[in-house]
Amino acid sequence: MLNKFMKRGQRKPSKSDTDTYGFTPPGNRNSESVSTSNVVVNHASRGGAPPVANSIGQQQQQTQSGTSIPPAPTGTIESLPMFRDVPVSERQQLFLRKCQVCRFQFDFTDTLKMVREKEIKRLNLVELVDYVQSGSGKVTESNQEEMIQMISVNIFRCLPPSSHEHTGTENIETEEEEPYLDPSWSHLQLVYELLLRYVVSSDTDAKVAKRYINHSFVLKLLDMFDSEDPREREYLKTILHRIYGKFMVHRPFIRKAINNIFYRFIYETQRHNGIGELLEILGSIINGFALPMKEEHKLFLVRALIPLHKPKSIAMYHQQLSYCITQFVEKDNKLADTVIRGLLKYWPITNCQKETLFLGELEEVLEATQAAEFQRCMIPLFRQIARCLNSPHFQTAERALFLWNNEHIVSLIAQNRNTILPIVFEALENNVQSHWNQAVHGLTVNVRKMFQEMDFKLFEECQKQFAEKQANSQQAEEQRQITWQKIVDAAAGGTHQIH
C-alpha cells in the first residue's frame with residue numbers, strides 16, 4: 001500500500017500564459033446552504049491518511065504570495081467562544097484565533113480518533129462561514145491573508161490515487177462505478193463554503209483580495225479539479241467561476257491555464273476527472289464573447305475544443321463540450337464549416353456509441369448553420385452520413401435518419417438536393433433492401449418518400465443511375481466468375497498433362 005502512494009508522486013502544476021476572452025457573469029448556485037452534518041466515509045484503501053494534527057507544526061508552509069506561513073499549533077485544540085459572545089472590538093482577534101485553530105489537519109480514515117477536536121474545528125468553520133456571509137464585520141486585510149492561508153492548508157493537498165492508478169488499467173467507463181467520497185468532506189465542505197462566501201461577499205475588495213487569491217492560488221485550485229469526489233468538483237466549479245467574474249485581472253491567466261489542462265489531457269494523459277466542470281465554466285465564458293469574434297477565440301476552438309473529441313472518454317463530458325461548440329456557431333455562423341470539418345476529422349470508425357454522440361452534436365451544429373456555410377462542407381458531410389445510414393449498429397443508423405426530422409436541416413437539404421440525393425441514394429436503397437432492423441427500415445422508407453416528394457424527376461434519375469450501377473456491378477461479377485472459372489480450368493488441365 002505504501003509503495004502505491006510513493007509511486008504517485010507529486011502532480012505537475014499547469015502551465016500558464018495570457019490570453020483574451022470575454023465573460024458572462026455566472027448564475028446562482030442551486031444550493032448555497034452549509035450542511036453541518038458530520039459526514040465520514042471510510043475509504044482507507046484509496047490513499048494514505050492526511051497529516052494528523054500533531055504533525056502539522058513540524059514543517060513550515062509557503063503562502064501563495066511567497067511569504068512563510070507560521071506552522072499550525074500543536075497539541076490539543078482549545079474551544080473558542082462564539083462571535084456573539086465577545087465584544088465587537090475583540091471579534092477580529094477571535095477571527096484570527098479561529099483561523100489558526102482551523103489549520104489543524106486530522107486523519108478521517110479513523111472515525112473514532114480525535115472526535116472532540118474534529119468537532120471543535122467543524123464548529124469554528126461554521127462560525128467563520130456565518131461571520132463572512134452575514135457581513136456583520138468587515139474582515140481586516142491581515143485576517144483575510146490568514147484566512148486564505150488556512151484555506152490553502154486545508155484544500156491544497158495531494159489527491160489520493162485514482163482507481164486506474166491502482167491497477168495500471170484504463171478507467172474509461174467510470175460513470176458505472178461508485179464515485180469516491182472524500183472522508184474529510186465534513187470539514188472540506190465548510191472550507192470551500194468559506195472561500196466561496198469570501199469571494200462573493202460585497203465586502204471583499206478585489207484589489208485587496210487579489211494579493212492573496214493570486215496566480216499561484218488559482219493554479220492550485222485548478223489542480224484540485226482532478227479530485228474524484230464530485231461534491232468537491234462542484235464547489236470548485238462554482239468558486240472558480242466566481243473568481244473569474246470578480247477578478248478581471250485573472251481572466252486571461254485562468255483561460256490559458258484551463259487550455260493547458262485540456263492540452264495535457266488530449267495529448268498526454270487522456271485522464272482527468274474535471275474536464276466536464278471546466279467546460280461548464282468555459283460555456284459561460286464563450287456565451288459572453290463580443291462580436292466580431294477575435295482570432296484568439298477561434299484558435300481556442302480549433303486547438304482545444306475540437307480536439308477534445310479525440311479521447312475515448314468523451315462520453316464523460318460530451319454534453320458540456322457540445323454546448324461550447326454550439327455556442328461558437330451561434331455566435332459566429334461562419335465557424336460552422338470549421339466545426340463540421342473538425343468533427344469529420346475526429347469521426348470515430350469502430351466506436352458506434354461515440355458515433356451516435358457525434359451525430360447528436362452534428363444536429364445541434366447544423367441547426368445553427370446557414371446555407372452558405374452548409375454548402376462549403378455538405379459533400380464530405382453527407383458522405384459520412386451515408387456511411388452512418390448503412391451502419392449495422394441500429395442506433396447509429398437510426399440517429400443518422402433522425403436528422404431528417406429537423407425542419408431546418410431538411411430545408412438545407414432541399415435547397416441542395418441535386419448534390420445531396422445522389423450521395424445518399426445508394427445508402428437509402430441498400431437499407432430498404434437489406435437492413436436487418438425494422439425501425440431503421442421504416443425510417444429509411446420515410447426519408448426516401450420525402451426525397452421523392454421533394455423532387456420526383458431527380459429521384460427517378462437517381463433511381464435509374466442506381467439500377468444501372470447494380471446491373472453493371474452484376475455484370476462485372478458474372479464476368480469475374482467466368483474469368484476465375486477459366487483460370488481454374490486451365491490449372492486443372494495443366495495438372496492432367498503433368499500426370
# chains A, B, ... in the order shown; residues from 1 in each chain; ligands from 1
>>> closest_atom_pairs(of="region 257-289 of chain A", to="region 325-337 of chain A", cutoff="12 Å", atoms="only C-alpha atoms", output="CSV")
residue,atom,partner,partner_atom,distance
A:Leu279,CA,A:Ile325,CA,10.3
A:Glu280,CA,A:Ile325,CA,11.7
A:Leu282,CA,A:Gln327,CA,10.3
A:Gly283,CA,A:Gln327,CA,7.4
A:Ser284,CA,A:Gln327,CA,9.3
A:Ile285,CA,A:Gln327,CA,10.0
A:Ile286,CA,A:Gln327,CA,6.7
A:Asn287,CA,A:Gln327,CA,6.4
A:Gly288,CA,A:Lys331,CA,9.4
A:Phe289,CA,A:Lys331,CA,7.9
>>> select_by_dssp(residues="region 278-380 of chain A", states="helix (DSSP H, G or I)", output="compact mmCIF listing (two decimals) with C-alpha atoms, in the first residue's frame")
# COMPACT_ATOMS: atom_id res chain seq x y z
CA LEU A 278 -14.10 23.12 -16.69
CA LEU A 279 -16.15 23.02 -19.90
CA GLU A 280 -19.19 24.25 -17.97
CA ILE A 281 -17.21 27.32 -16.89
CA LEU A 282 -15.99 27.88 -20.44
CA GLY A 283 -19.53 27.58 -21.77
CA SER A 284 -20.46 30.69 -19.80
CA ILE A 285 -17.30 32.48 -20.93
CA ILE A 286 -17.96 31.69 -24.60
CA ASN A 287 -21.51 32.96 -24.22
CA GLU A 295 -8.74 35.46 -33.66
CA GLU A 296 -7.69 34.15 -30.23
CA HIS A 297 -11.19 32.78 -29.69
CA LYS A 298 -11.12 30.90 -32.99
CA LEU A 299 -7.71 29.44 -32.17
CA PHE A 300 -9.10 28.21 -28.85
CA LEU A 301 -11.92 26.48 -30.75
CA VAL A 302 -9.57 24.83 -33.26
CA ARG A 303 -6.72 23.92 -30.88
CA ALA A 304 -8.57 22.94 -27.71
CA LEU A 305 -12.31 22.33 -28.10
CA ILE A 306 -12.43 20.41 -31.39
CA PRO A 307 -9.52 18.07 -30.42
CA LEU A 308 -11.43 17.22 -27.21
CA HIS A 309 -13.49 14.93 -29.47
CA LYS A 312 -12.04 7.67 -25.68
CA SER A 313 -13.66 9.03 -22.51
CA ILE A 314 -15.59 11.75 -24.40
CA ALA A 315 -18.91 10.40 -23.10
CA MET A 316 -17.97 11.74 -19.63
CA HIS A 318 -19.65 15.36 -24.27
CA GLN A 319 -22.77 17.24 -23.20
CA GLN A 320 -20.72 20.20 -21.93
CA LEU A 321 -18.39 20.07 -24.94
CA SER A 322 -21.31 20.05 -27.37
CA TYR A 323 -22.75 23.12 -25.64
CA CYS A 324 -19.45 25.01 -26.00
CA ILE A 325 -19.14 24.07 -29.69
CA THR A 326 -22.73 25.12 -30.43
CA GLN A 327 -22.17 28.43 -28.64
CA PHE A 328 -19.34 29.23 -31.06
CA VAL A 329 -21.50 28.52 -34.13
CA GLU A 330 -24.43 30.51 -32.74
CA LYS A 331 -22.09 33.43 -32.05
CA ASN A 333 -22.22 31.33 -38.24
CA LYS A 334 -19.09 31.37 -40.38
CA LEU A 335 -17.44 28.93 -37.96
CA ALA A 336 -19.92 26.16 -38.88
CA ASP A 337 -17.71 24.90 -41.71
CA THR A 338 -14.67 24.78 -39.39
CA VAL A 339 -16.61 22.91 -36.70
CA ILE A 340 -18.19 20.37 -39.08
CA ARG A 341 -14.88 19.60 -40.77
CA GLY A 342 -13.33 19.26 -37.30
CA LEU A 343 -16.00 16.72 -36.33
CA LEU A 344 -15.34 14.79 -39.55
CA LYS A 345 -11.61 14.78 -38.78
CA CYS A 352 -20.63 3.12 -32.52
CA GLN A 353 -21.63 4.72 -29.21
CA LYS A 354 -19.22 7.59 -29.81
CA GLU A 355 -20.52 7.89 -33.39
CA THR A 356 -24.05 8.31 -32.04
CA LEU A 357 -22.84 11.16 -29.80
CA PHE A 358 -21.22 12.84 -32.81
CA LEU A 359 -24.48 12.64 -34.79
CA GLY A 360 -26.37 14.28 -31.93
CA GLU A 361 -23.83 17.11 -31.75
CA LEU A 362 -23.87 17.44 -35.55
CA GLU A 363 -27.62 18.06 -35.49
CA GLU A 364 -27.19 20.89 -32.96
CA VAL A 365 -24.45 22.47 -35.07
CA LEU A 366 -26.49 22.16 -38.29
CA GLU A 367 -29.43 23.88 -36.59
CA ALA A 371 -26.90 27.98 -46.26
CA ALA A 372 -23.55 29.45 -47.37
CA GLU A 373 -21.53 27.58 -44.73
CA PHE A 374 -23.58 24.41 -45.30
CA GLN A 375 -22.67 24.37 -48.99
CA ARG A 376 -18.95 24.50 -48.20
CA CYS A 377 -18.96 21.22 -46.28
CA MET A 378 -22.04 19.32 -47.46
CA ILE A 379 -20.24 16.86 -49.78
CA PRO A 380 -17.83 15.32 -47.19
>>> residues_around(residues="region 84-100 of chain A", least_positions_apart="6", cutoff="12 Å", atoms="only C-alpha atoms", output="PyMOL selection string")
chain A and resi 56-57+69-74+77-78+120-132+136-154+191+194
>>> closest_residue(among="A:Thr109, A:Asn406, A:Thr238, A:Gln474", to="Glu193 (chain A)", atoms="only C-alpha atoms")
A:Thr238
>>> residues_around(residues="Leu389 (chain A)", least_positions_apart="2", cutoff="7 Å", atoms="only C-alpha atoms", output="list in words")
Ile385, Ala386, Arg387, Ser391, Ala397, Ala400, Leu401 and Ala427 of chain A
